[in-house]
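**Student:** The structure under discussion is supplied below as structure tokens; questions concerning it will follow.
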Amino acid sequence: MPVWVDTWPIWAGGSPKAAIANWRITPVIRPLKDDLVGGVASTLWVLMGAIGAVLLIACANIANLMLVRADARRQEFAVRAALGAVPARIARELLVESLVVGAGGSVLGLGLAYVGLQLVGAIGPSNLPRLDEVAVYPPVLAFTIAIAIASALAFGAIPALKHALRVDTPLSGSPRGSSASRERSITRSALVVVQVALALVLCVSAALMIRTFDALRDVDPGFSDPATIQTAGISLPSTLVSGTEPAVRVARVTALQRQILDRLAVLPGVASVGLVNDLPMGDGEWNGPVVVEGQAIAAGETPPSRRWNFVSPGYFEAMGTRMIAGRDVTWSDIETGRRVAVISEDFAREMATEPADALGRRLRLSFDRTGWDEVIGVVQRVHQDGLYEEPPSMVYWPVLASNRLFGRTDVAFVIRSRRAGTVGLMTEIRQAVRSVNGTIPMTREGTMRDVYANSLARTSFTLVMLAIAGGMALLLGVVGIYGVIAYVVSQRTREIGIRSALGAKPRELEKMFLRYGLTLSGIGAAVGLVAALALGRVMSSLLFGIGPMDLPAYVAALGVTLAAAAIASYVPARRAAMIAPMETMKAE
């Protein structure tokens, strides 16, 4: 069972043994794999599915091209059969050709894979577990080569079975320009339908992620203008805060952190500074049962658990977190030992109808028997765990109050300045910390824009990967549709010439082939919509602010797919309409 351990705080104003005696500890058992992979498992499965869909589309294209090539060689197969070639030998030759194509594609794919891995490493989210270990290892290399060769053999076997094993074409061949048999036409059409369906599924997936990304960008994270918020963490060495009495240790922590705040506040370009126990969207998490005065708790029941955070005066101003009602914590509150607290808006609405009505109410941690804390302010909701998660009900206590329960040795400073993110400001921050004590190490240097971007990293990474897969699927689908219709046009050249000679207008001929391509695309789109609805439910854990059946996403994906199919159908249809009937007759 993995265990998460945080730095224990310095206690004061109460007996830690008495507090711990009132705690109820419940074991949380989960596989270690969940901690290593986290919430990205569903993302990786969706991406694997997208890659598999692209592979299937490519295989369908190969099968179609092989069918066309084998169809064009029917006369050759008939001649070879008449000269004594057995069907198995012809089938073996076609399979060898497929194997050569698969091997050549594998070599080219390995080069593209190397470039792709560099791209993934550059754009991949930093919170993707073990991203730096992604490489083309020998087992992965063997697996991908085996898949490529197996795909080439499997789909290359289709024309081998359909043509090489049925060498019943007469030596004279069929009349030139006649249509392919109904069986071969159905096979090619079915492969086109599969390509369009899979392409639509990937386009819907990408559209859902685009809609999710837009929804996340519209979320108010609980702080404003993150690019102007510089963060800098410190962790006080134990040698600086050692002492026998908890109150002595807390006093030392208070003095050092207060001095650093004062030094940071006077740096050039700094508008406001603050101190916090755990930054929003960070890794820290403090929570526990909070008792509200006047709320009835049944015997044997535990009060609802709330998230805690410990802040200094000026923290909300530095973060740009709006004060809904009341006021912020002040240094006067801390110096006089007044017990106060600020709560989040949703917590306030649990206490009263309006946030302002919660002012003056009192609360405390369930194991804190030293007194009550008065609610003096209500702030907006903050997405403490990331944009995907609902903001928790928060309680903010003064982090530097020596008569409180905690005096943390590892905290983060937030500095609002237009110079945030610059090397110059960070150099001045380090100098300010060293001027208080040269042994204090710095941690968590960055801006809140980095933290905010990191919360969007999983969505943006999935969006980019699905967009690439969707683009490849559309491209392969366009090639497949174009290839089939172009082949049909070449097979029906004589028919087109006769129709033109009998008075058919180019526009009518164009519509005939365009209708054929759009019919196949429409069937594929219908199948793809059903598959996309099923996939949407699988992707529901990746979505935010929209449902798996989001209508705008489906309409946009359907429009893009059908537009691409129409273009792929129009080009060969236009060429068919431009065929001169006299040239066709002369050729006959």
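Residues are referred to by chain and number: the chain letter is A, B, ... according to the order shown in the structure tokens, the number counts from 1 in that chain, and ligands are numbered separately from 1 in the order shown.
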Which residues come within 6 Å of segment 411-415 of chain A, counting only C-alpha atoms, excluding same-chain residues fewer than 5 positions away, as a list in words?
**Tutor:**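 Listing them by chain and then by number gives Ile229, Gln230, Thr231, Ala232, Gly233, Ile234, Val273, Gly274, Leu275, Val276 and Asn277 of chain A.
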**Student:** Those selected residues, please, written with N, CA, C and O atoms and delivered as a compact mmCIF listing (two decimals), in the first residue's frame.
**Tutor:**
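Final output, result-v6.txt:
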# COMPACT_ATOMS: atom_id res chain seq x y z
N ILE A 229 1.96 36.63 -11.51
CA ILE A 229 2.12 36.11 -10.14
C ILE A 229 3.34 35.21 -10.10
O ILE A 229 3.35 34.12 -10.69
N GLN A 230 4.39 35.67 -9.43
CA GLN A 230 5.60 34.89 -9.26
C GLN A 230 5.49 34.06 -7.99
O GLN A 230 5.01 34.54 -6.96
N THR A 231 5.89 32.80 -8.06
CA THR A 231 5.86 31.94 -6.88
C THR A 231 7.30 31.54 -6.52
O THR A 231 8.13 31.34 -7.40
N ALA A 232 7.54 31.42 -5.23
CA ALA A 232 8.85 31.00 -4.74
C ALA A 232 8.66 30.32 -3.40
O ALA A 232 8.15 30.93 -2.45
N GLY A 233 8.99 29.05 -3.33
CA GLY A 233 8.83 28.31 -2.10
C GLY A 233 10.12 28.25 -1.30
O GLY A 233 11.22 28.38 -1.83
N ILE A 234 9.97 28.07 0.00
CA ILE A 234 11.12 27.88 0.88
C ILE A 234 10.83 26.72 1.82
O ILE A 234 9.67 26.36 2.05
N VAL A 273 2.46 41.10 -1.90
CA VAL A 273 3.06 39.80 -1.61
C VAL A 273 2.19 39.08 -0.59
O VAL A 273 1.43 39.69 0.16
N GLY A 274 2.33 37.78 -0.58
CA GLY A 274 1.59 36.97 0.38
C GLY A 274 2.28 35.64 0.59
O GLY A 274 3.25 35.30 -0.09
N LEU A 275 1.76 34.90 1.53
CA LEU A 275 2.35 33.64 1.93
C LEU A 275 1.24 32.61 2.04
O LEU A 275 0.14 32.92 2.52
N VAL A 276 1.48 31.39 1.56
CA VAL A 276 0.45 30.36 1.60
C VAL A 276 1.08 29.02 1.90
O VAL A 276 2.25 28.77 1.56
N ASN A 277 0.30 28.19 2.55
CA ASN A 277 0.75 26.85 2.88
C ASN A 277 0.84 25.97 1.63
O ASN A 277 1.88 25.37 1.35
**Student:** Could you go through segment 342-410 of chain A and tell me which residues DSSP, when run on the backbone, assigns to alpha helix (DSSP H), listing them as a PyMOL selection string?
**Tutor:** chain A and resi 345-351
**Student:** Could you check the closest approach to Gly497 of chain A for each of A:Met578, A:Val342, A:Ala103, A:Ala556 and tell me which residue wins, using only C-alpha atoms?
**Tutor:**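 Looking only at the distances to Gly497 of chain A, the closest residue turns out to be A:Met578.
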**Student:** Sort by chain and increasing residue number a table of all residues of segment 441-469 of chain A within 10 Å of segment 532-546 of chain A, each with its closest pair of atoms and their distance in Å to one decimal, counting only C-alpha atoms, and write it as a Markdown table.
**Tutor:**
| residue | atom | partner | partner_atom | distance |
| --- | --- | --- | --- | --- |
| A:Arg458 | CA | A:Leu542 | CA | 8.9 |
| A:Thr459 | CA | A:Leu542 | CA | 7.5 |
| A:Thr462 | CA | A:Leu542 | CA | 8.9 |
**Student:** Please save C-alpha atoms of the selected residues as a PDB file, in the first residue's frame.
**Tutor:**
ATOM      1  CA  ARG A 458      -3.388  16.719 -20.095  1.00  0.00           C
ATOM      2  CA  THR A 459      -6.240  18.179 -22.148  1.00  0.00           C
ATOM      3  CA  THR A 462      -4.712  14.744 -25.718  1.00  0.00           C
TER       4      THR A 462
END
**Student:** Gly326 of chain A: which residues within 7 Å, counting only C-alpha atoms, same-chain residues fewer than 2 positions away excluded, as a ChimeraX atom specification?
**Tutor:** /A:359,376-378
**Student:** Find the residues around segment 447-451 of chain A up to 10 Å (only C-alpha atoms counted), leave out those fewer than 6 positions away in its own chain, and share them as a PyMOL selection string.
**Tutor:** chain A and resi 223-232+279-282+319+386+414-416+420-422+457
**Student:** Using only C-alpha atoms, determine which residues lie at most 9 Å from segment 470-473 of chain A, disregarding the query and same-chain residues fewer than 4 positions distant; provide the list as a VMD selection string.
**Tutor:** chain A and resid 50 53 to 55 57 to 58 195 to 196 198 to 206 465 to 466 477 to 478
**Student:** Keeping only N, CA and C atoms, write those residues as a tab-separated table (two decimals), in the first residue's frame.
**Tutor:**
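Done, and the output landed in result_34.tsv:
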chain	number	residue	atom	x	y	z
A	50	ALA	N	-7.03	5.61	-30.82
A	50	ALA	CA	-6.90	6.49	-32.00
A	50	ALA	C	-5.82	5.98	-32.93
A	53	ALA	N	-7.10	3.03	-34.78
A	53	ALA	CA	-8.03	3.42	-35.84
A	53	ALA	C	-7.28	3.89	-37.08
A	54	VAL	N	-6.23	4.68	-36.87
A	54	VAL	CA	-5.42	5.14	-38.01
A	54	VAL	C	-4.78	3.95	-38.72
A	55	LEU	N	-4.30	2.98	-37.93
A	55	LEU	CA	-3.71	1.78	-38.52
A	55	LEU	C	-4.73	1.02	-39.37
A	57	ILE	N	-7.37	2.28	-40.87
A	57	ILE	CA	-7.63	3.05	-42.08
A	57	ILE	C	-6.53	2.83	-43.10
A	58	ALA	N	-5.28	2.85	-42.62
A	58	ALA	CA	-4.15	2.61	-43.53
A	58	ALA	C	-4.23	1.21	-44.14
A	195	GLN	N	-13.20	3.26	-43.76
A	195	GLN	CA	-12.29	4.39	-43.63
A	195	GLN	C	-13.03	5.65	-43.19
A	196	VAL	N	-14.15	5.93	-43.82
A	196	VAL	CA	-14.91	7.12	-43.47
A	196	VAL	C	-15.43	7.03	-42.04
A	198	LEU	N	-14.18	5.33	-39.45
A	198	LEU	CA	-13.10	5.52	-38.48
A	198	LEU	C	-12.60	6.96	-38.47
A	199	ALA	N	-12.53	7.58	-39.65
A	199	ALA	CA	-12.11	8.98	-39.71
A	199	ALA	C	-13.09	9.87	-38.94
A	200	LEU	N	-14.38	9.59	-39.07
A	200	LEU	CA	-15.38	10.39	-38.35
A	200	LEU	C	-15.25	10.19	-36.84
A	201	VAL	N	-14.99	8.98	-36.41
A	201	VAL	CA	-14.82	8.71	-34.98
A	201	VAL	C	-13.68	9.55	-34.42
A	202	LEU	N	-12.55	9.58	-35.12
A	202	LEU	CA	-11.41	10.36	-34.65
A	202	LEU	C	-11.69	11.85	-34.70
A	203	CYS	N	-12.41	12.30	-35.72
A	203	CYS	CA	-12.76	13.72	-35.79
A	203	CYS	C	-13.69	14.12	-34.65
A	204	VAL	N	-14.64	13.25	-34.32
A	204	VAL	CA	-15.52	13.53	-33.18
A	204	VAL	C	-14.71	13.60	-31.89
A	205	SER	N	-13.76	12.67	-31.71
A	205	SER	CA	-12.92	12.69	-30.51
A	205	SER	C	-12.14	13.99	-30.40
A	206	ALA	N	-11.54	14.43	-31.52
A	206	ALA	CA	-10.80	15.69	-31.50
A	206	ALA	C	-11.73	16.86	-31.23
A	465	MET	N	-2.70	15.21	-29.81
A	465	MET	CA	-2.54	13.84	-30.32
A	465	MET	C	-3.76	13.39	-31.13
A	466	LEU	N	-4.96	13.70	-30.61
A	466	LEU	CA	-6.17	13.31	-31.36
A	466	LEU	C	-6.31	14.12	-32.64
A	477	GLY	N	-8.42	8.77	-45.48
A	477	GLY	CA	-9.77	8.57	-46.01
A	477	GLY	C	-9.97	9.25	-47.35
A	478	VAL	N	-9.44	10.46	-47.49
A	478	VAL	CA	-9.54	11.18	-48.77
A	478	VAL	C	-8.82	10.41	-49.87
**Student:** How far is it from atom CA of Arg69 of chain A to atom CA of Val527 of chain A, in Å with one decimal?
**Tutor:**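 About the pair atom CA of Arg69 of chain A and atom CA of Val527 of chain A: they are 27.7 Å apart.
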